[in-house]
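To start, the structure itself, in structure tokens.
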Amino acid sequence: MMFYFKKDEKVIDVFRFLLPCISILVLAGCTTEDPDDEVKAPTLNEETSSETSNVQTNGENNEGTNSEKEDQIKSSLREASTDDWEVETLAEDLEVPWAMEIHEGTIYMTDREGHILEWKDGLIEEFELQTSSEITSEGEGGLLGFVLTADFEDSSEGYAYYTFEGESGTLQNRVISITKENDEWVETGILLDGIPGSVIHNGGRIAVGPDDLLYVTTGDSDEPSLAQDEDSLAGKILRMTVDGDIPEDNPIDNSYVYSFGHRNPQGLAWNDEGELYSSEHGSTAKDEINLIKPMTNYGWPVIKGDNSEDGMQTPLIHSGEETWAPSGIAFWEDNLLVAGLRGESLYFFDQTENQMKVVFEGEGRLRDVKVEEKEIYLLTNNTDGRGTPRTNDDRLLRLTLKE
């Protein structure tokens with residue numbers, strides 16, 4: 001059973017104290033296991049097994065360990081199907097959740113109505129994000145992207161992306177800084193304003209890159225030509241400092257634009273080599289996974305699918321006549337996982353075979369995916385008006401591969 005508390009209620013946490021398991025170390029030693037067989041409230045695993053240890057002993061090194069783990073996971077994903085996962089429902093009755101962040105055992109989520117939800121040890125607290133303009137949850141708009149700062153433990157700060165109604169009555173999007181203070185989440189500054197919005201194609205994913213800069217996806221706001229207009233913020237991937245400034249090494253002087261020619265990009269993730277990948281909704285199928293490079297034109301609306309044009313980049317892979325409607329993406333030991341909305345599946349992009357493989361399905365539309373150690377976390381998105389909600393939708397799920 002899940003318990004929900006509003007921000008002005010007091011939450012009493014019941015902590016379990018586990019009896020320590022004492023093992024006698026002989027020669028090479030042994031690992032300890034939890035002897036408690038009772039059912040526990042789901043918590044994020046904090047494993048310290050020898051499999052994840054980076055300690056080097058007896059002059060030996062661990063070169064190849066990460067590669068071996070990556071190959072093992074890739075092999076498992078190639079063979080995986082829905083029945084190969086242990087599935088836990090961590091939270092339910094969520095209202096159109098959109099983005100997810102995990103920090104120190106707490107899962108933070110946004111919903112399109114303008115709330116930030118905090119899950120920990122089976123309990124959820126709900127906070128309304130206090131913003132300078134009212135969040136407009138219309139069509140695909142609302143409170144969308146969300147990311148925490150690297151020093152969140154000390155600063156309690158993060159960044160968010162939301163839709164609002166501008167002075168002219170048209171929908172717009174903006175990137176803001178936010179902080180949690182006195183049990184409230186509040187907007188503390190506008191980093192970037194005037195991003196064109198619409199009831200569809202708002203983009204909305206934000207992420208902090210390996211260079212400690214903010215990356216933001218924007219949709220074409222239902223005006224395809226804007227994706228090719230370098231002076232417009234629509235249909236782009238943007239790059240900025242965490243203070244909202246334009247980095248000096250951006251590809252266009254005095255511009256936030258990092259790449260362009262995008263229709264509605266919804267996912268951002270970096271592999272171990274620091275390469276940026278993005279997922280993008282196509283028109284009438286032909287959804288895309290792209291490798292993002294600065295000042296590159298990804299073609300919308302001039303080309304799609306396998307079409308080519310001088311100066312325009314074709315995708316790494318596209319869905320052909322099928323529809324994935326890819327949203328959040330994440331790497332698991334350098335293996336790309338993709339949450340599918342219309343496709344209602346979790347996909348694995350096998351770049352060796354250039355295939356998108358369904359590894360999990362049956363929970364309807366999937367909006368976001370995150371990976372922590374050996375576990376995968378998913379947000380369903382069946383209550384957004386396009387899915388078929390089931391009892392207790394939407395939900396936060398945790399997937400673990402069966403041994």
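Labeling convention for the structure tokens: chains A, B, ... as they appear, residues from 1 per chain, ligands from 1 in order of appearance.
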May I have the residues within 8 Å of Gly261 (chain A) as a PyMOL selection string, using only C-alpha atoms and disregarding those fewer than 2 positions away in the same chain? chain A and resi 227-228+235-236+259+263+297-301
Would you list the contacts of Val147 (chain A) as a list in words, taking every protein, DNA or RNA residue within 7 Å and counting only C-alpha atoms, but skipping same-chain residues closer than 6 positions in sequence?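 These residues fall inside the cut-off: Glu101, Gly158, Tyr159, Ala160, Ile206 and Ala207 of chain A.
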The selected residues should be written to file as a PDB file, in the first residue's frame (atoms: C-alpha atoms).
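Output file result.pdb is given in full below:
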ATOM      1  CA  GLU A 101      15.373  12.118 -10.945  1.00  0.00           C
ATOM      2  CA  GLY A 158      17.532  22.154  -9.481  1.00  0.00           C
ATOM      3  CA  TYR A 159      16.178  23.229 -12.874  1.00  0.00           C
ATOM      4  CA  ALA A 160      12.806  22.816 -14.556  1.00  0.00           C
ATOM      5  CA  ILE A 206      16.542  19.065 -19.704  1.00  0.00           C
ATOM      6  CA  ALA A 207      19.775  17.468 -18.550  1.00  0.00           C
TER       7      ALA A 207
END
Spatial neighbours of region 344-349 of chain A, max dist 10 Å, only C-alpha atoms, sep filter under 4 positions, as a ChimeraX atom specification: /A:74,77-78,80-82,289,317,323-326,329-332,335-340,353-369,378,380-382,387
Would you save the residues from that selection as a short mmCIF file (atom, residue, chain, number, x, y, z; two decimals), in the first residue's frame, using C-alpha atoms?
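Final output, saved to result10.cif:
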data_model
loop_
_atom_site.label_atom_id
_atom_site.label_comp_id
_atom_site.auth_asym_id
_atom_site.auth_seq_id
_atom_site.Cartn_x
_atom_site.Cartn_y
_atom_site.Cartn_z
CA LYS A 74 23.99 -6.25 -23.77
CA LEU A 77 19.07 -7.28 -23.16
CA ARG A 78 19.27 -8.98 -26.55
CA ALA A 80 15.23 -10.21 -22.59
CA SER A 81 11.46 -10.17 -22.79
CA THR A 82 8.78 -9.00 -20.38
CA ILE A 289 17.36 8.14 -32.36
CA ILE A 317 17.96 4.55 -36.62
CA THR A 323 5.65 4.20 -34.19
CA TRP A 324 7.75 4.24 -31.04
CA ALA A 325 6.99 7.81 -29.90
CA PRO A 326 10.26 7.69 -27.92
CA ILE A 329 16.26 7.63 -22.64
CA ALA A 330 19.04 6.32 -20.38
CA PHE A 331 22.24 4.32 -20.69
CA TRP A 332 22.76 1.08 -18.77
CA ASN A 335 23.50 0.26 -23.62
CA LEU A 336 20.77 2.68 -24.65
CA LEU A 337 17.27 2.17 -23.22
CA VAL A 338 14.30 4.09 -24.65
CA ALA A 339 10.85 4.63 -23.12
CA GLY A 340 8.12 4.39 -25.77
CA GLU A 353 22.86 -4.98 -35.07
CA ASN A 354 21.27 -1.56 -35.65
CA GLN A 355 17.97 -2.76 -34.18
CA MET A 356 15.48 -1.46 -31.67
CA LYS A 357 14.36 -4.41 -29.55
CA VAL A 358 11.39 -4.56 -27.18
CA VAL A 359 12.65 -5.76 -23.79
CA PHE A 360 9.58 -4.95 -21.69
CA GLU A 361 5.92 -4.17 -22.40
CA GLY A 362 2.45 -4.57 -20.99
CA GLU A 363 2.23 -1.42 -18.84
CA GLY A 364 0.94 0.94 -21.52
CA ARG A 365 2.63 4.21 -22.41
CA LEU A 366 6.09 4.80 -20.90
CA ARG A 367 7.29 8.38 -20.42
CA ASP A 368 10.64 8.24 -18.65
CA VAL A 369 13.37 5.75 -17.75
CA LEU A 378 9.93 3.60 -15.35
CA THR A 380 3.92 5.13 -17.09
CA ASN A 381 1.93 7.80 -18.92
CA ASN A 382 -1.57 6.43 -19.43
CA GLY A 387 -3.58 6.21 -23.28
#
Of the listed residues A:Gly105, A:Gly244, A:Pro265, A:Gly305, that which approaches Ile190 (chain A) most closely, counting only C-alpha atoms: A:Gly244
Just want the 8 Å neighbourhood of region 238-241 of chain A, counted on only C-alpha atoms, with same-chain residues fewer than 4 positions away dropped. Output as a ChimeraX atom specification. /A:212-218,233,245-247,250,256-259
Using C-alpha atoms, can you export the residues from the last selection as a PDB file, in the first residue's frame?
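Listed below is the output, selection08.pdb:
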ATOM      1  CA  ASP A 212      28.383  20.748 -16.434  1.00  0.00           C
ATOM      2  CA  LEU A 213      26.234  22.711 -18.883  1.00  0.00           C
ATOM      3  CA  LEU A 214      22.459  22.540 -19.285  1.00  0.00           C
ATOM      4  CA  TYR A 215      21.000  20.934 -22.421  1.00  0.00           C
ATOM      5  CA  VAL A 216      17.352  21.530 -23.329  1.00  0.00           C
ATOM      6  CA  THR A 217      15.140  19.990 -26.023  1.00  0.00           C
ATOM      7  CA  THR A 218      12.503  22.164 -27.671  1.00  0.00           C
ATOM      8  CA  LEU A 233      14.474  28.584 -30.195  1.00  0.00           C
ATOM      9  CA  ASP A 245      24.264  32.362 -20.016  1.00  0.00           C
ATOM     10  CA  ILE A 246      25.404  31.402 -23.511  1.00  0.00           C
ATOM     11  CA  PRO A 247      28.635  29.347 -23.370  1.00  0.00           C
ATOM     12  CA  ASN A 250      28.562  27.367 -28.507  1.00  0.00           C
ATOM     13  CA  TYR A 256      21.768  29.045 -27.292  1.00  0.00           C
ATOM     14  CA  VAL A 257      21.291  26.821 -30.358  1.00  0.00           C
ATOM     15  CA  TYR A 258      23.426  23.670 -30.257  1.00  0.00           C
ATOM     16  CA  SER A 259      21.681  21.631 -32.978  1.00  0.00           C
TER      17      SER A 259
END
Ranking A:Gln172, A:Thr179, A:Asn271, A:Thr391 by minimum distance to Pro196 (chain A) and counting only C-alpha atoms, which one comes first? A:Gln172
What lies within 8 Å of Glu321 (chain A) using only C-alpha atoms, ignoring chain neighbours under 6 positions off, as a ChimeraX atom specification? /A:284-286
All alpha helix (DSSP H) residues (DSSP, backbone) inside region 151-243 of chain A, as a short mmCIF file (atom, residue, chain, number, x, y, z; two decimals) with all heavy atoms, in the first residue's frame:
data_model
loop_
_atom_site.label_atom_id
_atom_site.label_comp_id
_atom_site.auth_asym_id
_atom_site.auth_seq_id
_atom_site.Cartn_x
_atom_site.Cartn_y
_atom_site.Cartn_z
N PHE A 152 23.17 19.01 -5.05
CA PHE A 152 21.82 19.11 -4.48
C PHE A 152 21.79 18.84 -2.99
O PHE A 152 21.01 19.47 -2.25
CB PHE A 152 20.87 18.15 -5.21
CG PHE A 152 19.48 18.14 -4.65
CD1 PHE A 152 18.62 19.20 -4.89
CD2 PHE A 152 19.03 17.08 -3.87
CE1 PHE A 152 17.33 19.21 -4.35
CE2 PHE A 152 17.74 17.08 -3.33
CZ PHE A 152 16.89 18.15 -3.58
N GLU A 153 22.64 17.94 -2.52
CA GLU A 153 22.65 17.60 -1.10
C GLU A 153 22.87 18.83 -0.24
O GLU A 153 22.28 18.97 0.83
CB GLU A 153 23.77 16.58 -0.83
CG GLU A 153 23.76 15.98 0.56
CD GLU A 153 22.61 15.01 0.78
OE1 GLU A 153 22.15 14.41 -0.21
OE2 GLU A 153 22.19 14.88 1.93
N ASP A 154 23.69 19.75 -0.73
CA ASP A 154 23.99 20.97 0.02
C ASP A 154 23.14 22.16 -0.40
O ASP A 154 22.75 22.99 0.42
CB ASP A 154 25.47 21.33 -0.13
CG ASP A 154 26.39 20.26 0.44
OD1 ASP A 154 26.06 19.71 1.51
OD2 ASP A 154 27.41 19.97 -0.20
N SER A 155 22.84 22.24 -1.71
CA SER A 155 22.18 23.44 -2.24
C SER A 155 20.66 23.34 -2.30
O SER A 155 19.98 24.37 -2.31
CB SER A 155 22.70 23.74 -3.64
OG SER A 155 22.25 22.75 -4.57
#
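Nearest-residue note for Asp151 (chain A): choosing from A:Glu70, A:Glu273, A:Asp334, A:Glu104, the minimum distance belongs to A:Glu104, counting only C-alpha atoms.
Taking CA of Asp193 (chain A) and CA of Glu138 (chain A) as endpoints, the distance between them is 18.5 Å.
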Calculated over only C-alpha atoms, which of the candidates A:Glu322, A:Thr383, A:Asp253, A:Ile237 has the smallest distance to Pro294 (chain A)?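 With only C-alpha atoms as the atom set, the closest residue is A:Ile237.
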Near Asn173 (chain A), within 12 Å and counting only C-alpha atoms, which residues show up once chain neighbours fewer than 3 positions away are dropped, as a PyMOL selection string? chain A and resi 133-137+140-145+160-166+170+176+190-205+216-221+233-234
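Take CA of Tyr277 (chain A) and CA of Glu118 (chain A): the distance between them is 27.5 Å.
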Separation of CA of Glu223 (chain A) from CA of Asn264 (chain A), in Å and rounded to one decimal: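 That distance, rounded to one decimal, is 11.0 Å.
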